>>> print(open('upload27.cif').read())   # mmCIF, C-alpha atoms
data_entry
loop_
_atom_site.label_atom_id
_atom_site.label_comp_id
_atom_site.auth_asym_id
_atom_site.auth_seq_id
_atom_site.Cartn_x
_atom_site.Cartn_y
_atom_site.Cartn_z
CA MET Z 1 2.87 -30.21 4.34
CA LYS Z 2 6.26 -28.74 3.60
CA LEU Z 3 5.61 -29.20 -0.11
CA ALA Z 4 2.33 -27.26 0.17
CA PHE Z 5 4.14 -24.42 1.97
CA ASP Z 6 6.86 -24.39 -0.67
CA ILE Z 7 4.32 -24.22 -3.50
CA PHE Z 8 2.55 -21.37 -1.72
CA THR Z 9 5.89 -19.56 -1.35
CA VAL Z 10 6.72 -20.01 -5.03
CA PHE Z 11 3.34 -18.65 -6.14
CA ALA Z 12 3.24 -15.65 -3.81
CA VAL Z 13 6.87 -14.63 -4.40
CA SER Z 14 6.40 -14.96 -8.17
CA ALA Z 15 3.29 -12.77 -7.99
CA GLY Z 16 5.21 -10.20 -5.94
CA ALA Z 17 8.08 -10.19 -8.45
CA LEU Z 18 5.54 -9.66 -11.24
CA PHE Z 19 4.21 -6.62 -9.39
CA PHE Z 20 7.74 -5.22 -9.23
CA LEU Z 21 7.95 -5.74 -13.00
CA ALA Z 22 4.63 -3.91 -13.42
CA GLY Z 23 5.85 -1.06 -11.22
CA THR Z 24 9.02 -0.64 -13.28
CA VAL Z 25 7.05 -0.68 -16.52
CA GLY Z 26 4.71 1.96 -15.12
CA LEU Z 27 7.67 4.04 -13.98
CA ILE Z 28 9.12 3.95 -17.48
CA ARG Z 29 5.89 4.49 -19.39
CA PHE Z 30 3.85 6.99 -17.37
CA PRO Z 31 4.04 10.56 -18.58
CA ASP Z 32 4.32 12.83 -15.50
CA SER Z 33 5.55 12.85 -11.91
CA LEU Z 34 2.24 12.26 -10.17
CA THR Z 35 1.28 9.19 -12.18
CA ARG Z 36 4.81 7.81 -11.78
CA LEU Z 37 4.52 8.30 -8.03
CA HIS Z 38 1.28 6.32 -8.21
CA ALA Z 39 2.97 3.45 -10.04
CA LEU Z 40 5.96 3.49 -7.72
CA THR Z 41 4.27 3.42 -4.34
CA LYS Z 42 1.10 1.41 -4.81
CA VAL Z 43 2.46 -1.32 -7.02
CA ASP Z 44 5.74 -1.76 -5.18
CA ASN Z 45 4.06 -1.91 -1.79
CA LEU Z 46 1.72 -4.58 -3.11
CA GLY Z 47 4.67 -6.51 -4.53
CA LEU Z 48 6.50 -6.31 -1.22
CA GLY Z 49 3.34 -7.45 0.57
CA LEU Z 50 3.05 -10.52 -1.64
CA ILE Z 51 6.73 -11.37 -1.21
CA VAL Z 52 6.45 -11.08 2.58
CA LEU Z 53 3.29 -13.21 2.50
CA GLY Z 54 5.12 -15.81 0.47
CA LEU Z 55 8.08 -15.86 2.85
CA LEU Z 56 5.95 -16.29 5.99
CA PRO Z 57 5.95 -20.13 5.80
CA GLN Z 58 9.75 -20.06 5.45
CA ALA Z 59 10.25 -17.79 8.47
CA ASN Z 60 11.78 -19.35 11.58
CA GLY Z 61 9.17 -19.38 14.29
CA VAL Z 62 6.36 -17.03 15.15
CA PHE Z 63 8.68 -14.13 15.97
CA GLY Z 64 10.43 -14.29 12.61
CA ALA Z 65 7.05 -14.19 10.88
CA LEU Z 66 5.87 -11.30 13.07
CA LYS Z 67 9.04 -9.38 12.26
CA LEU Z 68 8.45 -9.80 8.54
CA VAL Z 69 4.86 -8.62 8.88
CA SER Z 70 5.90 -5.61 10.96
CA ILE Z 71 8.51 -4.63 8.36
CA TRP Z 72 5.82 -4.78 5.72
CA LEU Z 73 3.51 -2.66 7.90
CA LEU Z 74 6.26 -0.07 8.39
CA VAL Z 75 6.92 0.13 4.65
CA GLN Z 76 3.20 0.36 3.99
CA LEU Z 77 2.62 3.18 6.47
CA SER Z 78 5.69 5.17 5.49
CA GLY Z 79 4.90 4.61 1.81
CA ALA Z 80 1.40 6.00 2.21
CA ILE Z 81 2.63 9.06 4.14
CA VAL Z 82 5.64 9.71 1.88
CA THR Z 83 3.45 9.53 -1.22
CA GLN Z 84 1.23 12.28 0.13
CA LEU Z 85 4.25 14.39 1.12
CA ILE Z 86 5.97 14.08 -2.27
CA ALA Z 87 2.72 14.75 -4.12
CA GLY Z 88 2.30 17.86 -2.00
CA ALA Z 89 5.83 18.99 -2.91
CA VAL Z 90 5.11 18.39 -6.62
CA ARG Z 91 1.93 20.42 -6.40
CA GLN Z 92 3.63 23.25 -4.55
CA ARG Z 93 6.30 23.62 -7.21
CA GLY Z 94 3.82 23.46 -10.04
CA PRO Z 95 3.79 20.86 -12.77
CA GLN Z 96 7.25 19.74 -13.73
CA GLN Z 97 8.05 17.51 -16.64
CA MET M 98 13.80 -23.52 -2.55
CA ALA M 99 16.92 -21.46 -1.86
CA SER M 100 17.80 -21.23 -5.54
CA PHE M 101 14.27 -20.07 -6.38
CA LEU M 102 14.48 -17.37 -3.72
CA PHE M 103 17.89 -16.29 -5.04
CA GLY M 104 16.40 -16.09 -8.52
CA ALA M 105 13.47 -14.00 -7.29
CA ALA M 106 15.87 -11.66 -5.46
CA GLY M 107 17.92 -11.29 -8.63
CA PHE M 108 14.79 -10.55 -10.66
CA VAL M 109 13.60 -7.87 -8.23
CA LEU M 110 17.12 -6.43 -8.17
CA THR M 111 17.10 -6.20 -11.97
CA MET M 112 13.72 -4.46 -11.94
CA VAL M 113 14.82 -1.98 -9.27
CA ALA M 114 18.08 -1.26 -11.10
CA LEU M 115 16.20 -0.69 -14.36
CA GLY M 116 13.74 1.62 -12.62
CA LEU M 117 16.58 3.54 -10.93
CA PHE M 118 18.43 3.92 -14.22
CA VAL M 119 15.36 5.31 -15.97
CA ILE M 120 14.41 7.62 -13.11
CA LEU M 121 17.87 9.10 -12.75
CA GLN M 122 17.87 10.05 -16.44
CA ARG M 123 15.05 12.48 -15.73
CA PRO M 124 15.76 16.06 -14.78
CA ALA M 125 13.17 16.74 -12.02
CA GLU M 126 14.36 16.50 -8.41
CA VAL M 127 11.10 14.83 -7.41
CA ASP M 128 12.01 11.94 -9.69
CA HIS M 129 15.30 11.56 -7.87
CA MET M 130 13.43 11.34 -4.58
CA MET M 131 11.24 8.66 -6.13
CA ALA M 132 14.42 6.77 -6.99
CA ALA M 133 15.35 6.74 -3.31
CA GLN M 134 11.88 5.47 -2.43
CA LEU M 135 12.10 2.76 -5.07
CA LEU M 136 15.42 1.65 -3.66
CA GLY M 137 13.85 1.61 -0.19
CA THR M 138 10.92 -0.63 -1.10
CA GLY M 139 12.79 -2.82 -3.57
CA GLY M 140 15.79 -3.09 -1.26
CA VAL M 141 13.58 -4.35 1.56
CA ALA M 142 12.09 -6.97 -0.77
CA ILE M 143 15.55 -8.09 -1.95
CA LEU M 144 16.96 -8.28 1.58
CA VAL M 145 13.98 -10.23 2.91
CA LEU M 146 14.31 -12.69 0.03
CA LEU M 147 18.03 -13.06 0.67
CA ALA M 148 17.46 -13.62 4.39
CA ALA M 149 15.12 -16.50 3.58
CA ALA M 150 17.38 -17.89 0.86
CA THR M 151 20.56 -17.93 2.91
CA GLU M 152 18.74 -18.67 6.20
CA THR M 153 20.47 -15.72 7.83
CA PRO M 154 17.81 -14.02 10.00
CA PRO M 155 19.92 -10.90 10.83
CA ILE M 156 19.50 -9.72 7.23
CA VAL M 157 15.87 -9.02 8.13
CA ASP M 158 17.14 -6.39 10.59
CA VAL M 159 19.02 -4.69 7.75
CA ALA M 160 15.78 -4.63 5.76
CA LEU M 161 14.02 -3.01 8.71
CA LEU M 162 16.67 -0.28 8.93
CA LEU M 163 16.51 0.33 5.18
CA ALA M 164 12.73 0.83 5.39
CA LEU M 165 13.18 3.26 8.27
CA PHE M 166 15.88 5.29 6.52
CA ALA M 167 13.86 5.51 3.29
CA ALA M 168 11.02 7.10 5.23
CA PHE M 169 13.42 9.56 6.94
CA ALA M 170 15.04 10.45 3.61
CA ALA M 171 11.69 11.30 2.05
CA VAL M 172 10.64 13.47 4.97
CA ALA M 173 13.98 15.31 4.88
CA PHE M 174 13.58 15.88 1.14
CA VAL M 175 10.08 17.27 1.47
CA ARG M 176 11.16 19.59 4.30
CA SER M 177 14.04 20.98 2.28
CA ALA M 178 11.98 21.10 -0.93
CA SER M 179 9.10 23.02 0.56
CA GLY M 180 11.86 25.48 1.32
CA SER M 181 11.94 28.92 2.79
CA LYS M 182 8.25 29.55 2.35
CA SER M 183 7.00 26.99 4.84
CA GLU M 184 9.92 27.73 7.18
CA SER M 185 8.89 31.37 7.36
CA GLN M 186 5.28 30.33 7.84
CA GLU M 187 6.33 28.18 10.74
CA THR M 188 8.32 30.95 12.38
CA ALA M 189 5.51 33.41 11.72
CA SER M 190 3.05 31.12 13.45
CA GLY M 191 5.23 31.36 16.54
CA ARG M 192 7.18 28.08 16.56
#
>>> encode(input="upload27.cif", output="structure tokens")
Amino acid sequence: MKLAFDIFTVFAVSAGALFFLAGTVGLIRFPDSLTRLHALTKVDNLGLGLIVLGLLPQANGVFGALKLVSIWLLVQLSGAIVTQLIAGAVRQRGPQQ
Amino acid sequence: MASFLFGAAGFVLTMVALGLFVILQRPAEVDHMMAAQLLGTGGVAILVLLAAATETPPIVDVALLLALFAAFAAVAFVRSASGSKSESQETASGR
């Protein structure tokens, strides 16, 4: 059983790390601020979600797992709100490089 | 398992550092705010991985605080960036 959990952890954490790679590539390659914001927030939140999912079997007890999930939820909510706020600021100032 | 988690944390750290380096080269202030957000999300991922790798649960609390402060930083930036215009609108609307 422990082996199955460990394999699950390896797969999910690897997938999450790949999403961080994709986010960084997007950040480097995308041409303007709004598309970079897109790459940054969506992809990184998904990567964090996968990493948290992968670490759930390694967490100590139900409360440790709940704490991890609530951290992910906080990042998810604040990421969604902050993206809208920053995009609004970009739009207000007009298109910058 | 611990060495794999350390490796994953190192990989995410490399990605975040690369992203930060590229973003900070850019002139626009919005990009600098994005760098802070990237450090928030990536930092939480790194700290959570480290907490599992070293079996030190209190590191998860640090991750929680980092997530909270990243959100506060972005809100403070947007308030200062939207500047005098929205401030005057707020005072005009009787706040």
>>> closest_residue(input="upload27.cif", among="Z:Arg29, Z:Val75, Z:Ala87, Z:Ala12", to="chain M", atoms="all atoms listed in the file")
Z:Val75
>>> residues_near_point(input="upload27.cif", point="(5.5, 7.0, -0.4)", cutoff="7 Å", atoms="only C-alpha atoms", output="PyMOL selection string")
(chain Z and resi 41+78-84) or (chain M and resi 134)
>>> interface_residues(input="upload27.cif", of="chain M", to="chain Z", cutoff="8 Å", atoms="only C-alpha atoms", output="number ranges by chain")
M: 98, 101, 105, 108-109, 112-113, 115-116, 119-120, 125, 127-128, 131, 135, 138-139, 141-142, 145-146, 149, 154, 157, 160-161, 164-165, 168, 171-172, 175, 178-179
>>> write_last_selection(input="upload27.cif", atoms="C-alpha atoms", output="tab-separated table (two decimals), keeping the file's coordinate frame")
chain	number	residue	atom	x	y	z
M	98	MET	CA	13.80	-23.52	-2.55
M	101	PHE	CA	14.27	-20.07	-6.38
M	105	ALA	CA	13.47	-14.00	-7.29
M	108	PHE	CA	14.79	-10.55	-10.66
M	109	VAL	CA	13.60	-7.87	-8.23
M	112	MET	CA	13.72	-4.46	-11.94
M	113	VAL	CA	14.82	-1.98	-9.27
M	115	LEU	CA	16.20	-0.69	-14.36
M	116	GLY	CA	13.74	1.62	-12.62
M	119	VAL	CA	15.36	5.31	-15.97
M	120	ILE	CA	14.41	7.62	-13.11
M	125	ALA	CA	13.17	16.74	-12.02
M	127	VAL	CA	11.10	14.83	-7.41
M	128	ASP	CA	12.01	11.94	-9.69
M	131	MET	CA	11.24	8.66	-6.13
M	135	LEU	CA	12.10	2.76	-5.07
M	138	THR	CA	10.92	-0.63	-1.10
M	139	GLY	CA	12.79	-2.82	-3.57
M	141	VAL	CA	13.58	-4.35	1.56
M	142	ALA	CA	12.09	-6.97	-0.77
M	145	VAL	CA	13.98	-10.23	2.91
M	146	LEU	CA	14.31	-12.69	0.03
M	149	ALA	CA	15.12	-16.50	3.58
M	154	PRO	CA	17.81	-14.02	10.00
M	157	VAL	CA	15.87	-9.02	8.13
M	160	ALA	CA	15.78	-4.63	5.76
M	161	LEU	CA	14.02	-3.01	8.71
M	164	ALA	CA	12.73	0.83	5.39
M	165	LEU	CA	13.18	3.26	8.27
M	168	ALA	CA	11.02	7.10	5.23
M	171	ALA	CA	11.69	11.30	2.05
M	172	VAL	CA	10.64	13.47	4.97
M	175	VAL	CA	10.08	17.27	1.47
M	178	ALA	CA	11.98	21.10	-0.93
M	179	SER	CA	9.10	23.02	0.56
>>> atom_distance(input="upload27.cif", atom1="atom CA of Leu163 of chain M", atom2="atom CA of Gly137 of chain M")
6.1 Å
>>> atom_distance(input="upload27.cif", atom1="atom CA of Ala170 of chain M", atom2="atom CA of Leu136 of chain M")
11.4 Å
>>> atom_distance(input="upload27.cif", atom1="atom CA of Leu121 of chain M", atom2="atom CA of Ser177 of chain M")
19.5 Å
>>> axis_aligned_box(input="upload27.cif", around="segment 125-132 of chain M", padding_each_side="6 Å", output="AutoDock Vina command-line options")
--center_x 13.2 --center_y 11.8 --center_z -8.3 --size_x 16.2 --size_y 22.0 --size_z 19.4
>>> decode(input="upload27.cif", residues="segment 26-96 of chain Z", atoms="C-alpha atoms", output="PDB file, in the first residue's frame")
ATOM      1  CA  GLY Z  26       5.225  30.767 -21.036  1.00  0.00           C
ATOM      2  CA  LEU Z  27       6.506  33.640 -18.907  1.00  0.00           C
ATOM      3  CA  ILE Z  28       9.644  33.857 -21.036  1.00  0.00           C
ATOM      4  CA  ARG Z  29       7.996  33.400 -24.424  1.00  0.00           C
ATOM      5  CA  PHE Z  30       4.690  35.277 -24.274  1.00  0.00           C
ATOM      6  CA  PRO Z  31       4.730  38.720 -25.826  1.00  0.00           C
ATOM      7  CA  ASP Z  32       2.739  41.064 -23.527  1.00  0.00           C
ATOM      8  CA  SER Z  33       1.728  41.540 -19.908  1.00  0.00           C
ATOM      9  CA  LEU Z  34      -1.775  40.085 -20.097  1.00  0.00           C
ATOM     10  CA  THR Z  35      -0.741  36.812 -21.714  1.00  0.00           C
ATOM     11  CA  ARG Z  36       2.168  36.509 -19.275  1.00  0.00           C
ATOM     12  CA  LEU Z  37      -0.261  37.000 -16.404  1.00  0.00           C
ATOM     13  CA  HIS Z  38      -2.324  34.182 -17.895  1.00  0.00           C
ATOM     14  CA  ALA Z  39       0.679  31.858 -18.003  1.00  0.00           C
ATOM     15  CA  LEU Z  40       1.778  32.814 -14.511  1.00  0.00           C
ATOM     16  CA  THR Z  41      -1.441  32.368 -12.581  1.00  0.00           C
ATOM     17  CA  LYS Z  42      -3.280  29.522 -14.279  1.00  0.00           C
ATOM     18  CA  VAL Z  43      -0.360  27.233 -14.893  1.00  0.00           C
ATOM     19  CA  ASP Z  44       1.344  27.796 -11.566  1.00  0.00           C
ATOM     20  CA  ASN Z  45      -1.856  27.273  -9.606  1.00  0.00           C
ATOM     21  CA  LEU Z  46      -2.413  24.008 -11.448  1.00  0.00           C
ATOM     22  CA  GLY Z  47       1.165  22.957 -10.721  1.00  0.00           C
ATOM     23  CA  LEU Z  48       0.744  23.767  -7.048  1.00  0.00           C
ATOM     24  CA  GLY Z  49      -2.534  21.826  -7.017  1.00  0.00           C
ATOM     25  CA  LEU Z  50      -0.855  18.746  -8.448  1.00  0.00           C
ATOM     26  CA  ILE Z  51       2.041  18.983  -5.992  1.00  0.00           C
ATOM     27  CA  VAL Z  52      -0.357  19.296  -3.048  1.00  0.00           C
ATOM     28  CA  LEU Z  53      -2.377  16.354  -4.399  1.00  0.00           C
ATOM     29  CA  GLY Z  54       0.792  14.316  -4.647  1.00  0.00           C
ATOM     30  CA  LEU Z  55       1.847  15.180  -1.098  1.00  0.00           C
ATOM     31  CA  LEU Z  56      -1.513  14.256   0.463  1.00  0.00           C
ATOM     32  CA  PRO Z  57      -0.555  10.570   1.003  1.00  0.00           C
ATOM     33  CA  GLN Z  58       2.668  11.715   2.703  1.00  0.00           C
ATOM     34  CA  ALA Z  59       0.884  14.115   5.064  1.00  0.00           C
ATOM     35  CA  ASN Z  60       0.726  13.151   8.729  1.00  0.00           C
ATOM     36  CA  GLY Z  61      -2.862  12.464   9.612  1.00  0.00           C
ATOM     37  CA  VAL Z  62      -6.117  13.944   8.419  1.00  0.00           C
ATOM     38  CA  PHE Z  63      -5.346  17.400   9.800  1.00  0.00           C
ATOM     39  CA  GLY Z  64      -2.046  17.643   7.955  1.00  0.00           C
ATOM     40  CA  ALA Z  65      -3.812  16.734   4.720  1.00  0.00           C
ATOM     41  CA  LEU Z  66      -6.613  19.233   5.393  1.00  0.00           C
ATOM     42  CA  LYS Z  67      -4.043  21.945   6.044  1.00  0.00           C
ATOM     43  CA  LEU Z  68      -2.346  21.266   2.720  1.00  0.00           C
ATOM     44  CA  VAL Z  69      -5.679  21.391   0.893  1.00  0.00           C
ATOM     45  CA  SER Z  70      -6.665  24.630   2.624  1.00  0.00           C
ATOM     46  CA  ILE Z  71      -3.339  26.230   1.662  1.00  0.00           C
ATOM     47  CA  TRP Z  72      -3.994  25.243  -1.923  1.00  0.00           C
ATOM     48  CA  LEU Z  73      -7.524  26.684  -1.716  1.00  0.00           C
ATOM     49  CA  LEU Z  74      -6.161  29.963  -0.325  1.00  0.00           C
ATOM     50  CA  VAL Z  75      -3.597  30.233  -3.125  1.00  0.00           C
ATOM     51  CA  GLN Z  76      -6.262  29.375  -5.669  1.00  0.00           C
ATOM     52  CA  LEU Z  77      -8.729  31.993  -4.432  1.00  0.00           C
ATOM     53  CA  SER Z  78      -6.155  34.737  -3.988  1.00  0.00           C
ATOM     54  CA  GLY Z  79      -4.618  33.872  -7.362  1.00  0.00           C
ATOM     55  CA  ALA Z  80      -7.955  34.223  -9.119  1.00  0.00           C
ATOM     56  CA  ILE Z  81      -8.716  37.557  -7.431  1.00  0.00           C
ATOM     57  CA  VAL Z  82      -5.193  38.966  -7.838  1.00  0.00           C
ATOM     58  CA  THR Z  83      -5.179  38.086 -11.529  1.00  0.00           C
ATOM     59  CA  GLN Z  84      -8.312  40.128 -12.078  1.00  0.00           C
ATOM     60  CA  LEU Z  85      -6.905  43.037 -10.054  1.00  0.00           C
ATOM     61  CA  ILE Z  86      -3.575  43.128 -11.905  1.00  0.00           C
ATOM     62  CA  ALA Z  87      -5.297  42.791 -15.270  1.00  0.00           C
ATOM     63  CA  GLY Z  88      -7.503  45.722 -14.299  1.00  0.00           C
ATOM     64  CA  ALA Z  89      -4.413  47.772 -13.407  1.00  0.00           C
ATOM     65  CA  VAL Z  90      -2.797  46.885 -16.751  1.00  0.00           C
ATOM     66  CA  ARG Z  91      -5.905  47.936 -18.614  1.00  0.00           C
ATOM     67  CA  GLN Z  92      -6.203  51.186 -16.697  1.00  0.00           C
ATOM     68  CA  ARG Z  93      -2.659  52.220 -17.569  1.00  0.00           C
ATOM     69  CA  GLY Z  94      -3.038  51.273 -21.193  1.00  0.00           C
ATOM     70  CA  PRO Z  95      -0.973  48.690 -23.004  1.00  0.00           C
ATOM     71  CA  GLN Z  96       2.579  48.571 -21.781  1.00  0.00           C
TER      72      GLN Z  96
END
